[in-house]
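Listing of start38.cif, mmCIF, C-alpha atoms
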data_model
loop_
_atom_site.label_atom_id
_atom_site.label_comp_id
_atom_site.auth_asym_id
_atom_site.auth_seq_id
_atom_site.Cartn_x
_atom_site.Cartn_y
_atom_site.Cartn_z
CA MET D 30 10.57 73.45 39.85
CA LYS D 31 11.99 69.95 39.85
CA ILE D 32 14.16 68.28 37.24
CA ILE D 33 14.08 64.53 36.95
CA CYS D 34 16.47 62.47 34.87
CA TYR D 35 14.99 59.28 33.58
CA ASN D 36 16.08 56.92 30.84
CA ASP D 37 18.66 59.42 29.55
CA MET D 38 16.01 62.13 29.29
CA GLU D 39 15.46 65.22 31.40
CA PHE D 40 12.02 66.36 32.44
CA VAL D 41 11.06 69.58 34.14
CA LEU D 42 8.14 69.52 36.58
CA ASP D 43 7.02 73.06 37.17
CA LYS D 44 4.22 74.34 39.37
CA THR D 45 2.43 77.23 37.68
CA GLY D 46 -0.64 79.24 38.57
CA SER D 47 -2.93 76.84 36.77
CA GLY D 48 -1.36 73.57 37.92
CA TRP D 49 1.68 71.49 37.10
CA GLU D 50 3.45 71.67 33.79
CA ILE D 51 5.70 68.90 32.50
CA THR D 52 8.21 69.45 29.71
CA ARG D 53 10.94 67.29 28.27
CA LYS D 54 14.29 68.92 27.55
CA LEU D 55 15.53 68.43 24.01
CA PRO D 56 19.07 68.83 22.67
CA GLY D 57 19.96 72.43 21.85
CA GLY D 58 17.90 73.94 24.65
CA ALA D 59 14.51 73.27 23.09
CA SER D 60 11.74 71.53 24.97
CA ALA D 61 8.74 69.35 24.17
CA ALA D 62 5.39 69.57 25.92
CA VAL D 63 4.20 66.62 27.97
CA ALA D 64 1.39 68.15 30.02
CA ALA D 65 -0.03 71.39 31.39
CA GLY D 66 -2.51 72.41 34.04
CA LEU D 67 -2.40 69.11 35.92
CA PHE D 68 -3.08 68.27 39.56
CA ALA D 69 -3.89 71.84 40.55
CA ASP D 70 -5.92 70.69 43.55
CA LEU D 71 -3.33 68.27 44.95
CA PRO D 72 -0.66 68.90 47.60
CA ASP D 73 2.77 69.51 46.04
CA SER D 74 4.30 66.19 47.12
CA GLU D 75 1.42 64.17 45.73
CA ALA D 76 1.32 66.21 42.52
CA GLU D 77 5.06 65.68 42.02
CA ALA D 78 4.75 61.95 42.57
CA ARG D 79 1.88 61.69 40.11
CA ALA D 80 3.72 63.82 37.56
CA GLU D 81 6.75 61.54 37.82
CA ALA D 82 4.57 58.47 37.39
CA LEU D 83 2.92 60.05 34.36
CA VAL D 84 6.32 60.73 32.77
CA LYS D 85 7.23 57.07 33.16
CA THR D 86 3.97 56.00 31.57
CA VAL D 87 4.30 58.33 28.58
CA PHE D 88 7.95 57.33 28.09
CA PRO D 89 8.10 53.66 29.04
CA VAL D 90 11.45 51.90 29.13
CA GLY D 91 12.10 48.51 27.70
CA ILE D 92 9.98 45.42 27.58
CA LYS D 93 9.18 43.12 30.41
CA SER D 94 9.43 39.55 29.18
CA VAL D 95 7.23 37.06 30.93
CA GLY D 96 7.66 33.36 30.44
CA PRO D 97 8.01 30.77 29.20
CA ASP D 98 5.67 29.32 31.75
CA VAL D 99 7.18 25.86 32.15
CA ALA D 100 4.46 24.81 34.56
CA HIS D 101 1.70 25.52 32.06
CA PRO D 102 -0.29 22.58 30.69
CA ASN D 103 0.68 21.58 27.16
CA MET D 104 -2.33 23.17 25.52
CA ILE D 105 -2.86 26.93 25.38
CA GLY D 106 -6.04 27.36 23.38
CA ASP D 107 -5.43 25.62 20.10
CA LEU D 108 -1.65 25.70 20.47
CA LYS D 109 0.26 22.71 21.75
CA ILE D 110 3.46 23.65 23.52
CA VAL D 111 6.16 21.20 22.46
CA GLY D 112 9.32 21.19 24.49
CA PRO D 113 12.74 19.95 23.34
CA ASP D 114 13.13 16.18 23.13
CA VAL D 115 16.10 15.71 25.41
CA SER D 116 16.25 11.99 24.67
CA HIS D 117 16.81 12.57 20.96
CA PRO D 118 20.32 11.44 19.87
CA ASN D 119 20.95 14.78 18.19
CA PHE D 120 20.06 16.79 21.26
CA ILE D 121 23.06 18.51 22.80
CA TYR D 122 22.79 19.87 26.28
CA TRP D 123 24.91 22.97 26.20
CA ASN D 124 25.53 24.71 29.47
CA LYS D 125 28.99 26.13 29.03
CA ASP D 126 29.87 29.55 27.81
CA SER D 127 32.13 29.42 24.75
CA THR D 128 34.82 31.26 26.67
CA SER D 129 35.13 28.18 28.88
CA PHE D 130 36.90 26.37 26.06
CA ALA D 131 40.56 26.84 25.40
CA LYS D 132 41.26 28.15 21.93
CA MET K 12 -23.17 63.62 29.19
CA GLU K 13 -21.75 66.99 30.14
CA ILE K 14 -18.54 68.07 28.44
CA LYS K 15 -17.50 70.11 31.45
CA GLY K 16 -15.54 67.92 33.84
CA SER K 17 -15.21 65.06 31.38
CA VAL K 18 -11.94 63.58 30.11
CA ALA K 19 -11.36 63.31 26.38
CA LEU K 20 -8.76 61.45 24.36
CA VAL K 21 -8.19 62.61 20.79
CA THR K 22 -5.94 60.68 18.46
CA GLY K 23 -4.55 62.72 15.60
CA GLY K 24 -5.06 65.67 17.95
CA GLY K 25 -2.05 67.55 16.64
CA ASN K 26 -3.76 69.08 13.62
CA GLY K 27 -6.86 69.23 11.44
CA ILE K 28 -10.11 67.87 12.81
CA GLY K 29 -8.44 66.32 15.86
CA GLU K 30 -6.92 69.63 16.91
CA ALA K 31 -10.26 71.39 16.52
CA VAL K 32 -12.02 68.72 18.58
CA ALA K 33 -9.40 68.87 21.34
CA LYS K 34 -9.65 72.65 21.58
CA TYR K 35 -13.45 72.67 21.38
CA LEU K 36 -13.81 70.18 24.22
CA SER K 37 -11.11 71.87 26.32
CA LYS K 38 -12.77 75.27 25.89
CA ARG K 39 -15.95 73.74 27.30
CA GLY K 40 -14.26 72.34 30.36
CA ALA K 41 -13.02 68.89 29.35
CA LYS K 42 -9.57 67.67 30.27
CA VAL K 43 -7.86 66.54 27.11
CA ALA K 44 -5.22 64.00 26.10
CA ILE K 45 -3.74 64.65 22.67
CA VAL K 46 -2.17 61.75 20.85
CA ASP K 47 -0.17 62.39 17.71
CA MET K 48 2.86 61.13 15.83
CA VAL K 49 4.40 64.59 15.42
CA GLN K 50 5.85 66.10 18.57
CA LYS K 51 5.99 69.67 17.24
CA ASN K 52 2.23 69.52 16.58
CA ILE K 53 1.67 68.22 20.11
CA ASP K 54 3.83 71.05 21.48
CA ARG K 55 1.82 73.69 19.63
CA VAL K 56 -1.62 72.35 20.60
CA VAL K 57 -0.63 71.74 24.23
CA LYS K 58 0.73 75.29 24.42
CA GLU K 59 -2.41 76.81 22.95
CA ILE K 60 -4.72 74.81 25.22
CA LYS K 61 -2.57 75.68 28.22
CA GLU K 62 -2.69 79.39 27.33
CA ALA K 63 -6.46 79.13 27.14
CA GLY K 64 -6.47 77.75 30.67
CA GLY K 65 -7.08 74.08 29.83
CA GLU K 66 -5.76 70.88 31.36
CA VAL K 67 -3.94 68.82 28.78
CA ILE K 68 -1.40 66.09 28.20
CA GLY K 69 0.33 65.30 24.93
CA VAL K 70 1.48 61.79 24.10
CA GLN K 71 3.55 61.00 21.06
CA ALA K 72 2.36 57.60 19.94
CA ASN K 73 1.55 55.41 16.98
CA VAL K 74 -2.09 54.30 16.99
CA THR K 75 -1.24 51.16 15.00
CA SER K 76 0.74 49.79 17.94
CA GLU K 77 -1.06 47.83 20.62
CA ALA K 78 1.59 48.68 23.20
CA GLU K 79 1.49 52.40 22.41
CA THR K 80 -2.30 52.40 22.53
CA ALA K 81 -2.15 50.87 25.99
CA LYS K 82 0.39 53.55 26.90
CA PHE K 83 -1.74 56.55 25.94
CA ILE K 84 -4.90 55.14 27.50
CA LYS K 85 -3.00 54.51 30.75
CA ALA K 86 -1.41 57.96 30.64
CA THR K 87 -4.82 59.60 30.21
CA VAL K 88 -6.29 57.80 33.19
CA GLU K 89 -3.18 58.47 35.29
CA ALA K 90 -3.28 62.16 34.51
CA PHE K 91 -7.00 62.78 34.85
CA GLY K 92 -8.41 59.85 36.81
CA LYS K 93 -10.90 58.66 34.20
CA LEU K 94 -11.77 58.57 30.50
CA ASN K 95 -15.14 59.59 29.02
CA ILE K 96 -14.65 60.57 25.38
CA ALA K 97 -12.47 58.83 22.78
CA VAL K 98 -12.24 60.46 19.36
CA CYS K 99 -10.30 58.55 16.71
CA SER K 100 -9.13 61.32 14.39
CA ALA K 101 -5.81 59.80 13.39
CA GLY K 102 -6.03 59.07 9.70
CA ILE K 103 -3.97 59.13 6.53
CA ILE K 104 -4.44 58.93 2.78
CA ARG K 105 -2.26 57.25 0.15
CA ASP K 106 -4.32 57.75 -3.01
CA SER K 107 -3.75 55.42 -5.92
CA MET K 108 -5.71 53.59 -8.60
CA LEU K 109 -5.93 49.81 -8.35
CA LEU K 110 -4.48 49.50 -11.89
CA THR K 111 -2.82 52.00 -14.22
CA LEU K 112 -2.61 51.03 -17.87
CA ASP K 113 0.07 51.80 -20.39
CA LYS K 114 -1.56 54.18 -22.89
CA GLU K 115 0.05 52.55 -25.90
CA THR K 116 -0.24 48.86 -25.11
CA GLY K 117 -3.36 48.88 -22.90
CA LYS K 118 -1.56 46.48 -20.57
CA VAL K 119 -1.11 47.05 -16.87
CA ALA K 120 1.81 49.36 -16.29
CA ARG K 121 1.40 49.78 -12.55
CA LYS K 122 -0.78 48.47 -9.74
CA MET K 123 -1.54 49.75 -6.27
CA GLY K 124 1.23 48.49 -4.03
CA LEU K 125 1.06 47.32 -0.47
CA ASP K 126 2.97 50.50 0.36
CA LYS K 127 -0.23 52.41 -0.51
CA TRP K 128 -2.64 49.87 0.94
CA GLN K 129 -1.25 48.67 4.24
CA PRO K 130 -0.43 51.96 6.03
CA VAL K 131 -3.95 53.25 5.37
CA ILE K 132 -5.49 50.04 6.71
CA ASP K 133 -3.15 50.12 9.69
CA VAL K 134 -3.81 53.70 10.75
CA ASN K 135 -7.45 54.25 9.73
CA LEU K 136 -8.84 50.84 10.59
CA THR K 137 -6.54 48.98 12.98
CA GLY K 138 -5.66 52.21 14.79
CA THR K 139 -9.32 53.08 15.24
CA PHE K 140 -10.08 49.55 16.40
CA LEU K 141 -7.29 49.56 18.99
CA THR K 142 -8.21 52.98 20.36
CA LEU K 143 -11.90 52.15 20.61
CA ARG K 144 -11.22 48.74 22.11
CA ASP K 145 -8.86 49.95 24.82
CA ALA K 146 -10.87 53.09 25.57
CA ALA K 147 -13.99 50.95 25.97
CA GLU K 148 -12.07 48.57 28.23
CA ALA K 149 -11.02 51.47 30.46
CA MET K 150 -14.58 52.87 30.54
CA VAL K 151 -16.11 49.51 31.42
CA ASN K 152 -13.55 48.68 34.08
CA GLY K 153 -13.67 52.21 35.49
CA GLY K 154 -17.47 52.35 35.43
CA TRP K 155 -17.33 55.77 33.73
CA GLU K 156 -19.94 57.16 31.38
CA GLY K 157 -18.40 57.29 27.93
CA ILE K 158 -18.72 57.86 24.23
CA LEU K 159 -16.61 56.37 21.45
CA VAL K 160 -16.27 58.40 18.25
CA PRO K 161 -14.74 56.77 15.19
CA ILE K 162 -14.11 59.23 12.36
CA SER K 163 -15.37 57.96 9.03
CA SER K 164 -15.69 60.05 5.86
CA VAL K 165 -18.28 60.80 3.22
CA ASN K 166 -15.97 58.84 0.94
CA LYS K 167 -17.22 55.68 2.68
CA ILE K 168 -19.60 55.47 -0.27
CA GLY K 169 -16.61 54.69 -2.49
CA GLN K 170 -14.20 57.21 -3.95
CA ILE K 171 -12.28 56.54 -7.13
CA GLY K 172 -8.56 56.53 -6.38
CA GLN K 173 -9.20 55.66 -2.75
CA LEU K 174 -9.88 51.93 -2.64
CA ASN K 175 -7.69 51.82 0.46
CA TYR K 176 -9.11 54.88 2.24
CA SER K 177 -12.77 54.25 1.35
CA SER K 178 -12.46 50.63 2.49
CA THR K 179 -11.32 51.80 5.92
CA LYS K 180 -13.90 54.54 6.20
CA VAL K 181 -16.86 52.31 5.36
CA ALA K 182 -15.62 49.94 8.04
CA ASP K 183 -15.24 52.80 10.54
CA ALA K 184 -18.79 53.92 9.73
CA LEU K 185 -20.09 50.45 10.53
CA MET K 186 -18.37 50.19 13.91
CA PRO K 187 -20.99 52.04 16.02
CA LYS K 188 -23.75 49.60 15.03
CA ILE K 189 -21.67 46.52 15.77
CA ILE K 190 -20.11 47.84 18.96
CA ILE K 191 -23.40 48.99 20.45
CA GLY K 192 -25.08 45.75 19.42
CA GLU K 193 -22.40 43.87 21.30
CA PHE K 194 -22.66 46.20 24.29
CA LEU K 195 -26.39 45.53 24.40
CA MET K 196 -25.73 41.79 24.40
CA ARG K 197 -23.11 42.14 27.11
CA GLY K 198 -25.15 44.48 29.29
CA ILE K 199 -22.70 47.37 28.86
CA LYS K 200 -24.92 50.42 29.31
CA ASN K 201 -22.52 53.22 30.18
CA ILE K 202 -20.92 53.70 26.75
CA ARG K 203 -22.38 55.07 23.52
CA CYS K 204 -20.74 55.01 20.10
CA VAL K 205 -21.36 57.59 17.37
CA GLY K 206 -19.36 57.86 14.16
CA ILE K 207 -18.79 61.10 12.30
CA ALA K 208 -18.42 61.16 8.52
CA PRO K 209 -17.08 64.54 7.47
CA GLY K 210 -17.23 65.80 3.91
CA TYR K 211 -14.53 68.00 2.40
CA THR K 212 -13.10 69.83 5.39
CA ALA K 213 -10.78 72.81 5.60
CA THR K 214 -7.80 70.95 7.00
CA PRO K 215 -4.24 71.71 5.85
CA MET K 216 -4.46 68.66 3.57
CA LEU K 217 -7.25 70.26 1.50
CA THR K 218 -6.58 73.98 1.80
CA GLY K 219 -3.03 73.37 0.55
CA MET K 220 -4.14 71.53 -2.56
CA ASN K 221 -4.31 72.85 -6.12
CA GLN K 222 -6.79 75.73 -5.97
CA ASP K 223 -8.43 74.87 -9.32
CA ALA K 224 -9.04 71.33 -8.12
CA LEU K 225 -10.43 72.71 -4.89
CA LYS K 226 -12.76 75.00 -6.81
CA ALA K 227 -14.03 72.02 -8.82
CA ILE K 228 -14.74 70.14 -5.58
CA LEU K 229 -16.67 73.07 -4.14
CA GLU K 230 -18.98 73.20 -7.15
CA ASP K 231 -20.56 70.00 -5.83
CA VAL K 232 -20.98 71.30 -2.27
CA HIS K 233 -24.34 72.94 -1.70
CA ILE K 234 -23.06 75.49 0.83
CA GLY K 235 -20.28 76.43 -1.61
CA ARG K 236 -17.40 76.09 0.81
CA LEU K 237 -15.41 73.56 2.77
CA VAL K 238 -16.73 72.37 6.12
CA GLU K 239 -14.73 74.00 8.93
CA PRO K 240 -12.99 71.72 11.47
CA ASP K 241 -14.77 73.68 14.21
CA GLU K 242 -18.09 72.63 12.70
CA ILE K 243 -17.04 68.97 12.93
CA ALA K 244 -15.91 69.59 16.51
CA ALA K 245 -19.28 71.17 17.36
CA MET K 246 -21.05 68.10 15.98
CA ILE K 247 -18.91 65.85 18.15
CA GLY K 248 -19.67 68.10 21.12
CA HIS K 249 -23.36 67.69 20.37
CA CYS K 250 -22.94 63.92 20.20
CA VAL K 251 -21.34 63.98 23.65
CA GLU K 252 -24.20 66.01 25.11
CA ASN K 253 -27.14 64.32 23.36
CA GLY K 254 -27.61 60.96 25.04
CA ALA K 255 -30.03 59.73 22.37
CA LEU K 256 -27.39 59.72 19.65
CA ASN K 257 -26.01 56.22 19.51
CA ALA K 258 -25.09 53.34 17.20
CA THR K 259 -25.00 55.47 14.09
CA THR K 260 -22.67 57.46 11.86
CA ILE K 261 -23.59 61.05 11.08
CA GLU K 262 -22.55 62.80 7.88
CA ILE K 263 -21.57 66.47 7.98
CA THR K 264 -20.75 67.53 4.44
CA GLY K 265 -22.34 70.89 3.75
CA GLY K 266 -24.53 69.15 1.20
CA LEU K 267 -22.05 67.26 -0.96
CA CYS K 268 -23.71 66.22 -4.21
CA ASN K 269 -22.82 64.24 -7.28
CA SER K 270 -22.07 66.42 -10.30
CA LYS K 271 -25.64 65.91 -11.51
CA GLY K 272 -27.04 67.33 -8.32
CA ILE K 273 -28.11 64.32 -6.29
CA ALA K 274 -26.81 64.46 -2.75
CA LYS K 275 -24.20 61.78 -2.01
#
File written out as structure tokens:
Amino acid sequence: MKIICYNDMEFVLDKTGSGWEITRKLPGGASAAVAAGLFADLPDSEAEARAEALVKTVFPVGIKSVGPDVAHPNMIGDLKIVGPDVSHPNFIYWNKDSTSFAK
Amino acid sequence: MEIKGSVALVTGGGNGIGEAVAKYLSKRGAKVAIVDMVQKNIDRVVKEIKEAGGEVIGVQANVTSEAETAKFIKATVEAFGKLNIAVCSAGIIRDSMLLTLDKETGKVARKMGLDKWQPVIDVNLTGTFLTLRDAAEAMVNGGWEGILVPISSVNKIGQIGQLNYSSTKVADALMPKIIIGEFLMRGIKNIRCVGIAPGYTATPMLTGMNQDALKAILEDVHIGRLVEPDEIAAMIGHCVENGALNATTIEITGGLCNSKGIAK
């Protein structure tokens, strides 16, 4: 049996007679089923690695933000990407954190 | 396609028709991914399939979310190495009349709100679309033989009080023809699509209803009883195995008739 802690959750990977079982520990000692009977024909190390990967797929963490792609041409399909007009008199280039200023 | 050795994904697999389909396919040797919103239902079905010696994963997910759909498709392929059968059983009802009149004035007192309309469209139509789309993508990219099974309803013909539900189910019934037509155009030969349109089925939603109302419903069913979820599951199993079934939606109603005796 192996316990993995991931994203503030605990998962139990347990090898049983019919393959690997994955459960998620819940508060109060209860548990929730994730999978049963998996990877029966795989070596233990490979089965464990695949079970861990499966846990991370079923319980993904966060969002990966991609972009903006500043090198992209102006047109994406029908959309025209319009950047800030830095020459506009009202444009303020702000690169200081507010804590930089004395109160 | 043989059920034994195949990999099935069943949305709404935590109860009702979805649960029956998941268990039916597992009993015949399929590896099964159950997707449901309710974890305790997933726990129960996973436990029962495990005790019967099946291979199963349970994924709590919302079929209306594109990201969560991608998640459960990926999890299925990671767990079992492929995907062959996608059954879209996740569905809800929010019955309401379009307009309700004030008995005294005859003016509109209430109208169907977006709270009744949108969730039904989201789950029954958008959810089915997302599951079918991403399952088909996986099957095409993986080169696996597959079948897509949207779940329609006999109420696709139009049920009073279900403008929302019937609208989604007629659309679901149409999907196999459009999808297979497109697959033909695109040269996609490894995937079939067959819809199932159940009649009144003995799911908790119906068996728990007012028994007098249930009795009135059964008077219009030729076999005199509700269709059992296992009978729907057996039909889906047949669709998997019979390679000639394609681009159509099959009704399984027990002979549901209008009150004057003409079959619906």
Contact residues (chain D, partner chain K, 6 Å, all atoms listed in the file) as a PyMOL selection string: chain D and resi 61-67+86
Residues just named, written with C-alpha atoms as a PDB file, keeping the file's coordinate frame:
ATOM      1  CA  ALA D  61       8.740  69.350  24.170  1.00  0.00           C
ATOM      2  CA  ALA D  62       5.390  69.570  25.920  1.00  0.00           C
ATOM      3  CA  VAL D  63       4.200  66.620  27.970  1.00  0.00           C
ATOM      4  CA  ALA D  64       1.390  68.150  30.020  1.00  0.00           C
ATOM      5  CA  ALA D  65      -0.030  71.390  31.390  1.00  0.00           C
ATOM      6  CA  GLY D  66      -2.510  72.410  34.040  1.00  0.00           C
ATOM      7  CA  LEU D  67      -2.400  69.110  35.920  1.00  0.00           C
ATOM      8  CA  THR D  86       3.970  56.000  31.570  1.00  0.00           C
TER       9      THR D  86
END
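Of note, atom CA of Gly235 of chain K and atom CA of Val251 of chain K are spaced 28.2 Å apart.
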Selection dump of the PyMOL selection byres ((chain K and resi 255) around 12), as a PyMOL selection string: chain K and resi 12+158+202-205+249-254+256-259
Residue neighbourhood segment 229-234 of chain K, 10 Å, all atoms listed in the file, exclusion window fewer than 2 positions, as number ranges by chain: K: 210-211, 223-227, 236-238, 264-275
For those residues, write C-alpha atoms to a file as a PDB file, keeping the file's coordinate frame.
ATOM      1  CA  GLY K 210     -17.230  65.800   3.910  1.00  0.00           C
ATOM      2  CA  TYR K 211     -14.530  68.000   2.400  1.00  0.00           C
ATOM      3  CA  ASP K 223      -8.430  74.870  -9.320  1.00  0.00           C
ATOM      4  CA  ALA K 224      -9.040  71.330  -8.120  1.00  0.00           C
ATOM      5  CA  LEU K 225     -10.430  72.710  -4.890  1.00  0.00           C
ATOM      6  CA  LYS K 226     -12.760  75.000  -6.810  1.00  0.00           C
ATOM      7  CA  ALA K 227     -14.030  72.020  -8.820  1.00  0.00           C
ATOM      8  CA  ARG K 236     -17.400  76.090   0.810  1.00  0.00           C
ATOM      9  CA  LEU K 237     -15.410  73.560   2.770  1.00  0.00           C
ATOM     10  CA  VAL K 238     -16.730  72.370   6.120  1.00  0.00           C
ATOM     11  CA  THR K 264     -20.750  67.530   4.440  1.00  0.00           C
ATOM     12  CA  GLY K 265     -22.340  70.890   3.750  1.00  0.00           C
ATOM     13  CA  GLY K 266     -24.530  69.150   1.200  1.00  0.00           C
ATOM     14  CA  LEU K 267     -22.050  67.260  -0.960  1.00  0.00           C
ATOM     15  CA  CYS K 268     -23.710  66.220  -4.210  1.00  0.00           C
ATOM     16  CA  ASN K 269     -22.820  64.240  -7.280  1.00  0.00           C
ATOM     17  CA  SER K 270     -22.070  66.420 -10.300  1.00  0.00           C
ATOM     18  CA  LYS K 271     -25.640  65.910 -11.510  1.00  0.00           C
ATOM     19  CA  GLY K 272     -27.040  67.330  -8.320  1.00  0.00           C
ATOM     20  CA  ILE K 273     -28.110  64.320  -6.290  1.00  0.00           C
ATOM     21  CA  ALA K 274     -26.810  64.460  -2.750  1.00  0.00           C
ATOM     22  CA  LYS K 275     -24.200  61.780  -2.010  1.00  0.00           C
TER      23      LYS K 275
END
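Between atom CA of Leu109 of chain K and atom CA of Gln170 of chain K the interatomic distance comes to 11.9 Å.
As for atom CA of Ile33 of chain D and atom CA of Ala69 of chain D, they are spaced 19.7 Å apart.
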Neighbour residues at most 12 Å from (16.2, 63.4, 35.6) (all atoms listed in the file) as a ChimeraX atom specification: /D:31-42,52-54,81,84-85
Ground truth for the PyMOL selection byres ((chain K and resi 148) around 12), written as a count of residues only: 29
Within 10 Å of Ala41 of chain K using all atoms listed in the file, minus same-chain residues under 5 positions, as an NGL selection string: :K and (13-20 or 33-36 or 65-67 or 95-96)
Answer key for the PyMOL selection byres ((chain D and resi 44) around 9), residues as a ChimeraX atom specification: /D:30-31,42-43,45-51,66,69,73
